[in-house]
Every structure is written in structure tokens, then in C-alpha cells.
>>> print(open('my_file07.cif').read())   # mmCIF, C-alpha atoms
data_final
#
loop_
_atom_site.label_atom_id
_atom_site.label_comp_id
_atom_site.auth_asym_id
_atom_site.auth_seq_id
_atom_site.Cartn_x
_atom_site.Cartn_y
_atom_site.Cartn_z
CA MET A 1 0.00 0.00 0.00
CA THR A 2 2.91 2.37 0.73
CA VAL A 3 4.27 1.80 -2.78
CA ILE A 4 0.85 2.54 -4.28
CA ALA A 5 0.54 5.69 -2.16
CA ALA A 6 4.00 6.88 -3.22
CA GLY A 7 3.14 6.22 -6.86
CA MET A 8 -0.10 8.19 -6.57
CA ILE A 9 1.72 11.12 -4.95
CA LEU A 10 4.21 11.22 -7.83
CA PHE A 11 1.42 10.87 -10.38
CA ALA A 12 -0.49 13.70 -8.70
CA TYR A 13 2.52 16.01 -8.88
CA LEU A 14 3.01 15.27 -12.58
CA CYS A 15 -0.68 15.87 -13.28
CA GLY A 16 -0.54 19.15 -11.42
CA SER A 17 2.57 20.18 -13.38
CA VAL A 18 0.56 20.29 -16.62
CA SER A 19 -0.47 23.95 -16.79
CA GLY A 20 -3.70 24.35 -18.73
CA ALA A 21 -3.34 28.14 -18.75
CA ILE A 22 0.12 28.15 -20.34
CA LEU A 23 -0.77 25.45 -22.87
CA LEU A 24 -3.99 27.19 -23.91
CA CYS A 25 -2.19 30.51 -24.35
CA LYS A 26 0.45 28.85 -26.54
CA ILE A 27 -2.17 27.07 -28.65
CA CYS A 28 -4.42 30.13 -29.06
CA GLY A 29 -1.62 32.67 -29.46
CA TYR A 30 -2.39 34.57 -26.26
CA PRO A 31 0.39 36.24 -24.26
CA ASP A 32 2.12 34.12 -21.65
CA PRO A 33 -0.04 34.57 -18.51
CA ARG A 34 3.12 34.59 -16.38
CA THR A 35 4.12 37.90 -18.00
CA ARG A 36 0.72 39.62 -18.13
CA GLY A 37 -1.85 40.78 -15.60
CA SER A 38 -1.21 39.28 -12.18
CA GLY A 39 1.45 36.94 -13.57
CA ASN A 40 -0.55 33.98 -12.31
CA PRO A 41 -1.27 31.16 -14.82
CA GLY A 42 -4.76 30.50 -13.51
CA ALA A 43 -8.36 31.01 -14.57
CA THR A 44 -8.70 34.52 -13.06
CA ASN A 45 -5.72 35.90 -14.95
CA ILE A 46 -6.74 34.08 -18.13
CA LEU A 47 -10.07 35.92 -17.86
CA ARG A 48 -8.09 39.13 -18.32
CA VAL A 49 -5.76 37.75 -20.98
CA GLY A 50 -8.06 35.57 -23.11
CA GLY A 51 -11.67 36.16 -22.10
CA LYS A 52 -14.46 34.16 -20.49
CA LEU A 53 -14.36 30.98 -22.61
CA ALA A 54 -10.62 30.62 -22.14
CA ALA A 55 -11.01 31.15 -18.39
CA VAL A 56 -13.72 28.50 -18.13
CA ALA A 57 -11.60 26.03 -20.09
CA VAL A 58 -8.60 26.60 -17.80
CA LEU A 59 -10.79 26.36 -14.70
CA LEU A 60 -12.22 22.99 -15.75
CA PHE A 61 -8.79 21.67 -16.70
CA ASP A 62 -7.26 22.70 -13.37
CA VAL A 63 -10.15 21.14 -11.43
CA PHE A 64 -9.86 17.88 -13.38
CA LYS A 65 -6.10 17.51 -12.91
CA GLY A 66 -6.60 17.78 -9.17
CA MET A 67 -9.56 15.42 -9.16
CA LEU A 68 -8.07 12.60 -11.26
CA PRO A 69 -5.15 11.47 -9.04
CA VAL A 70 -7.11 11.86 -5.79
CA TRP A 71 -10.06 9.94 -7.22
CA LEU A 72 -7.72 7.13 -8.33
CA ALA A 73 -6.08 7.05 -4.90
CA TYR A 74 -9.50 7.04 -3.25
CA THR A 75 -10.66 4.06 -5.34
CA LEU A 76 -7.43 2.24 -4.45
CA HIS A 77 -8.32 2.70 -0.76
CA VAL A 78 -5.30 4.83 0.07
CA SER A 79 -5.42 5.97 3.69
CA PRO A 80 -6.71 9.50 4.47
CA PHE A 81 -3.21 10.69 5.36
CA TYR A 82 -1.70 9.63 2.02
CA LEU A 83 -4.83 10.81 0.25
CA GLY A 84 -4.14 14.23 1.69
CA LEU A 85 -0.53 14.06 0.53
CA THR A 86 -1.79 13.13 -2.95
CA ALA A 87 -4.01 16.21 -2.99
CA ILE A 88 -1.16 18.40 -1.77
CA ALA A 89 1.16 16.93 -4.43
CA ALA A 90 -1.33 17.86 -7.17
CA CYS A 91 -1.47 21.43 -5.86
CA LEU A 92 2.31 21.61 -5.53
CA GLY A 93 2.55 20.50 -9.14
CA HIS A 94 0.27 23.35 -10.15
CA ILE A 95 2.16 25.87 -8.02
CA TYR A 96 5.63 24.61 -8.96
CA PRO A 97 5.16 22.83 -12.32
CA LEU A 98 8.01 20.59 -13.38
CA PHE A 99 7.33 21.23 -17.07
CA PHE A 100 7.21 25.04 -16.87
CA ASN A 101 10.29 26.14 -14.92
CA PHE A 102 8.43 25.77 -11.60
CA GLN A 103 6.42 28.95 -12.29
CA GLY A 104 2.78 28.10 -11.61
CA GLY A 105 -0.45 29.41 -10.18
CA LYS A 106 -2.13 29.62 -6.78
CA GLY A 107 -3.65 26.11 -6.82
CA VAL A 108 -7.23 27.01 -5.84
CA ALA A 109 -9.05 25.23 -8.67
CA THR A 110 -6.73 22.24 -8.38
CA ALA A 111 -7.40 22.07 -4.64
CA LEU A 112 -11.14 22.16 -5.30
CA GLY A 113 -10.77 19.26 -7.72
CA ALA A 114 -8.65 17.36 -5.19
CA ILE A 115 -11.36 17.74 -2.54
CA ALA A 116 -14.20 16.73 -4.90
CA PRO A 117 -13.69 12.92 -4.61
CA ILE A 118 -14.29 13.17 -0.86
CA GLY A 119 -17.89 14.24 -1.46
CA TRP A 120 -19.95 16.30 -3.90
CA ASP A 121 -21.88 17.89 -1.02
CA LEU A 122 -18.62 19.24 0.33
CA THR A 123 -17.58 20.42 -3.14
CA GLY A 124 -20.88 22.24 -3.58
CA LEU A 125 -20.41 24.06 -0.27
CA MET A 126 -16.89 25.07 -1.22
CA MET A 127 -17.99 26.40 -4.60
CA GLY A 128 -20.93 28.19 -3.02
CA THR A 129 -18.66 29.85 -0.46
CA TRP A 130 -16.26 31.04 -3.15
CA ILE A 131 -19.01 32.31 -5.46
CA LEU A 132 -20.87 34.12 -2.67
CA THR A 133 -17.70 35.79 -1.42
CA VAL A 134 -16.71 36.92 -4.90
CA LEU A 135 -20.18 38.26 -5.67
CA LEU A 136 -20.30 40.23 -2.42
CA SER A 137 -16.73 41.55 -2.54
CA GLY A 138 -15.58 41.37 -6.15
CA TYR A 139 -12.29 39.80 -5.04
CA SER A 140 -11.43 36.36 -6.42
CA SER A 141 -8.53 36.07 -3.99
CA LEU A 142 -10.79 36.78 -1.00
CA GLY A 143 -13.11 34.01 -2.17
CA ALA A 144 -10.17 31.60 -2.23
CA ILE A 145 -8.94 32.72 1.20
CA ILE A 146 -12.36 32.43 2.87
CA SER A 147 -12.95 29.04 1.24
CA ALA A 148 -9.56 27.76 2.41
CA LEU A 149 -10.22 28.95 5.96
CA ILE A 150 -13.63 27.32 6.21
CA ALA A 151 -12.86 24.09 4.28
CA PRO A 152 -11.57 22.13 7.32
CA PHE A 153 -14.80 22.88 9.19
CA TYR A 154 -16.90 21.69 6.26
CA VAL A 155 -14.86 18.50 6.07
CA TRP A 156 -15.06 17.96 9.84
CA TRP A 157 -18.84 18.12 9.57
CA PHE A 158 -19.24 15.76 6.59
CA LYS A 159 -16.13 13.53 6.55
CA PRO A 160 -14.17 14.05 9.80
CA GLN A 161 -11.51 11.45 8.89
CA PHE A 162 -10.25 13.82 6.17
CA THR A 163 -10.04 16.91 8.39
CA PHE A 164 -6.27 16.77 8.88
CA PRO A 165 -5.24 16.36 5.20
CA VAL A 166 -7.70 19.04 4.08
CA SER A 167 -6.33 21.34 6.79
CA MET A 168 -2.84 20.82 5.35
CA LEU A 169 -4.18 21.65 1.90
CA SER A 170 -5.86 24.79 3.24
CA CYS A 171 -2.59 25.93 4.83
CA LEU A 172 -0.83 25.54 1.49
CA ILE A 173 -3.47 27.68 -0.27
CA LEU A 174 -3.29 30.36 2.43
CA LEU A 175 0.51 30.49 2.24
CA ARG A 176 0.30 30.85 -1.53
CA HIS A 177 -2.08 33.81 -1.07
CA HIS A 178 0.23 35.64 1.32
CA ASP A 179 0.74 38.57 -1.07
CA ASN A 180 -3.00 38.78 -1.78
CA ILE A 181 -3.75 38.95 1.95
CA GLN A 182 -1.35 41.86 2.32
CA ARG A 183 -2.88 43.70 -0.65
CA LEU A 184 -6.39 43.11 0.68
CA TRP A 185 -5.35 44.48 4.07
CA ARG A 186 -3.89 47.59 2.43
CA GLY A 187 -6.81 48.03 0.02
CA ARG A 188 -4.62 47.49 -3.05
CA GLU A 189 -6.06 44.22 -4.36
CA HIS A 190 -7.69 44.36 -7.81
CA ARG A 191 -11.32 43.36 -8.16
CA LEU A 192 -12.62 41.15 -10.97
CA TRP A 193 -14.77 44.07 -12.00
CA LYS A 194 -14.78 47.77 -11.18
CA ARG A 195 -17.57 49.14 -9.06
CA ARG A 196 -19.53 52.02 -10.49
CA SER A 197 -19.09 55.32 -8.76
CA ARG A 198 -22.13 56.37 -6.79
CA HIS A 199 -21.50 60.06 -7.32
CA ARG A 200 -20.98 61.88 -10.57
CA SER A 201 -18.20 64.36 -10.86
CA SER A 202 -19.07 68.03 -10.54
CA ASP A 203 -18.44 68.74 -14.23
CA GLN A 204 -21.12 66.20 -15.22
CA GLN A 205 -23.82 67.77 -13.04
#
>>> encode(input="my_file07.cif", output="C-alpha cells")
Amino acid sequence: MTVIAAGMILFAYLCGSVSGAILLCKICGYPDPRTRGSGNPGATNILRVGGKLAAVAVLLFDVFKGMLPVWLAYTLHVSPFYLGLTAIAACLGHIYPLFFNFQGGKGVATALGAIAPIGWDLTGLMMGTWILTVLLSGYSSLGAIISALIAPFYVWWFKPQFTFPVSMLSCLILLRHHDNIQRLWRGREHRLWKRRSRHRSSDQQ
């Protein structure tokens, strides 16, 4: 079982190392997402670089590459601890991709995919938390941070045996969002969309 777990961890890292954002930009002729916008090869930055359809495609790809290795490990009855390491390996592959000079994204979508095999009810709650936070605040990063903070509590409620590995995964996501947390605290984080001004300027009145 230890050999199987080690193999799944390696497989998860290799899956995570396949960057859908970078590949899509190369295929479609978009600028390298690591050099544009936020510099993050993830769905949010692809929304700025390539538009909505490209962002959706990258989002689905990143979710799937996190889901596949964890689902395989789950069906092979890998213990919760090694299942958590498999999920973390997939996210580490996305954050530090072997095939792209170790310059990757934040790992949020991949983490969501890695959690999905544990339970669809849990996945729905995670997605709902992210969507609600983004709609209320306009910050994609805040949605990821809030979701990462609350994920262990969701897991503890539905599948308590996976609380520890999901907590480790949440810590990884929070560490990766360190810069975003600082910008949010200072009011310098960019929203997905700009809020309309409530007051017109004096020259328009």
C-alpha cells in the first residue's frame, strides 16, 4: 500500500505540473499569462488575458487535474493521510510545475478538484462559499482565502476522517495567497470588476 501511495503522490505532482493556462495561451496565441496581468497562470488571470471561454476552459482543466489522481487514490483505498498528501502533491505540481520552470499558479481550482472525490456535497459548499464571497466583494482572492479557511470545518462536519489532510491543503493555499492577503489588508487588491461610482463628478452635473 505504501508503494501505491508513493506512486499516486508522484502521479499527482506530474498531473498538477501540466499547466492548462500556459498550454492554452500557446495554442491560441495569447500572451504568456506569467508575464501579463497578475502573472498567475490560472483562470482569473486568463479571464483578463483571453476572455471568459478561455477562463472556463482553464478552470475545468485545473479542477480535473486535481480530481483525477485523488479519485484514483480514493478508489485504491489509500489511507486518508496519504490521500491528503496526494491532494497536496497535485497542488504543488500546479504551483511549482516541473514542465514550466516551476512557475505556476495559486492552486485554488486544483485544490477544489482534489477535494471533490471526498464528497460532492462538500464540493458544492466550497464552490458556493467562493461564489458568494466573490459576488459580495468582487475579489477572487478573498473568495479563495475564505474558502480555504472554512474548508476544514466543512470536512469535519461531513467527513471528519479527512479533516487533517484538508487542513494541510488549506494551509498551502493560504501560504500561496500571502501577497494577496497583504494587498487586501492595504486596500490594493484588484477586483474582478470595477464598481460604479455612486457620485458623478461636478463637471457632469
>>> closest_residue(input="my_file07.cif", among="A:Leu122, A:Leu192, A:Val49, A:Ala5", to="Leu135 of chain A", atoms="all atoms listed in the file")
A:Leu192
>>> closest_atom_pairs(input="my_file07.cif", of="segment 46-160 of chain A", to="segment 21-37 of chain A", cutoff="10 Å", atoms="all atoms listed in the file", output="JSON lines")
{"residue": "A:Ile46", "atom": "CA", "partner": "A:Pro33", "partner_atom": "CA", "distance": 6.7}
{"residue": "A:Leu47", "atom": "CA", "partner": "A:Gly37", "partner_atom": "CA", "distance": 9.8}
{"residue": "A:Arg48", "atom": "CA", "partner": "A:Gly37", "partner_atom": "CA", "distance": 7.0}
{"residue": "A:Val49", "atom": "CA", "partner": "A:Pro33", "partner_atom": "CA", "distance": 7.0}
{"residue": "A:Gly50", "atom": "CA", "partner": "A:Tyr30", "partner_atom": "CA", "distance": 6.6}
{"residue": "A:Ala54", "atom": "CA", "partner": "A:Leu24", "partner_atom": "CA", "distance": 7.7}
{"residue": "A:Ala55", "atom": "CA", "partner": "A:Ala21", "partner_atom": "CA", "distance": 8.2}
{"residue": "A:Ala57", "atom": "CA", "partner": "A:Leu24", "partner_atom": "CA", "distance": 8.6}
{"residue": "A:Val58", "atom": "CA", "partner": "A:Ala21", "partner_atom": "CA", "distance": 5.6}
{"residue": "A:Leu59", "atom": "CA", "partner": "A:Ala21", "partner_atom": "CA", "distance": 8.7}
{"residue": "A:Phe61", "atom": "CA", "partner": "A:Ala21", "partner_atom": "CA", "distance": 8.7}
{"residue": "A:Asp62", "atom": "CA", "partner": "A:Ala21", "partner_atom": "CA", "distance": 8.6}
{"residue": "A:Phe100", "atom": "CA", "partner": "A:Ile22", "partner_atom": "CA", "distance": 8.5}
{"residue": "A:Gln103", "atom": "CA", "partner": "A:Arg34", "partner_atom": "CA", "distance": 7.7}
{"residue": "A:Gly104", "atom": "CA", "partner": "A:Arg34", "partner_atom": "CA", "distance": 8.1}
{"residue": "A:Gly105", "atom": "CA", "partner": "A:Arg34", "partner_atom": "CA", "distance": 8.8}
>>> resolve_selection(input="my_file07.cif", expression="the PyMOL selection byres ((chain A and resi 79-83) around 7)", output="list in words")
Ala5, Val70, Ala73, Tyr74, His77, Val78, Gly84, Leu85, Thr86, Ala87, Gln161, Phe162 and Pro165 of chain A
>>> atom_distance(input="my_file07.cif", atom1="atom CA of Thr163 of chain A", atom2="atom CA of Ala151 of chain A")
8.7 Å
>>> atom_distance(input="my_file07.cif", atom1="atom CA of Ser38 of chain A", atom2="atom CA of Pro97 of chain A")
17.6 Å
>>> atom_distance(input="my_file07.cif", atom1="atom CA of Leu92 of chain A", atom2="atom CA of Ile9 of chain A")
10.5 Å
>>> resolve_selection(input="my_file07.cif", expression="the PyMOL selection byres ((chain A and resi 90) around 7)", output="ChimeraX atom specification")
/A:12-13,15-16,66,86-89,91-94
>>> closest_residue(input="my_file07.cif", among="A:Leu60, A:Thr44, A:Phe99, A:Thr129", to="Arg191 of chain A", atoms="only C-alpha atoms")
A:Thr44
>>> closest_residue(input="my_file07.cif", among="A:Ala144, A:Cys171, A:Leu149, A:Val155", to="Asp121 of chain A", atoms="all atoms listed in the file")
A:Val155
>>> closest_residue(input="my_file07.cif", among="A:Ser170, A:Thr110, A:Thr123, A:Asn180", to="Leu142 of chain A", atoms="all atoms listed in the file")
A:Asn180
>>> closest_residue(input="my_file07.cif", among="A:Ile115, A:Val63, A:Leu72, A:Val56", to="Phe11 of chain A", atoms="all atoms listed in the file")
A:Leu72
>>> closest_residue(input="my_file07.cif", among="A:Gly107, A:Val18, A:Phe158, A:Ile145", to="Gln182 of chain A", atoms="only C-alpha atoms")
A:Ile145
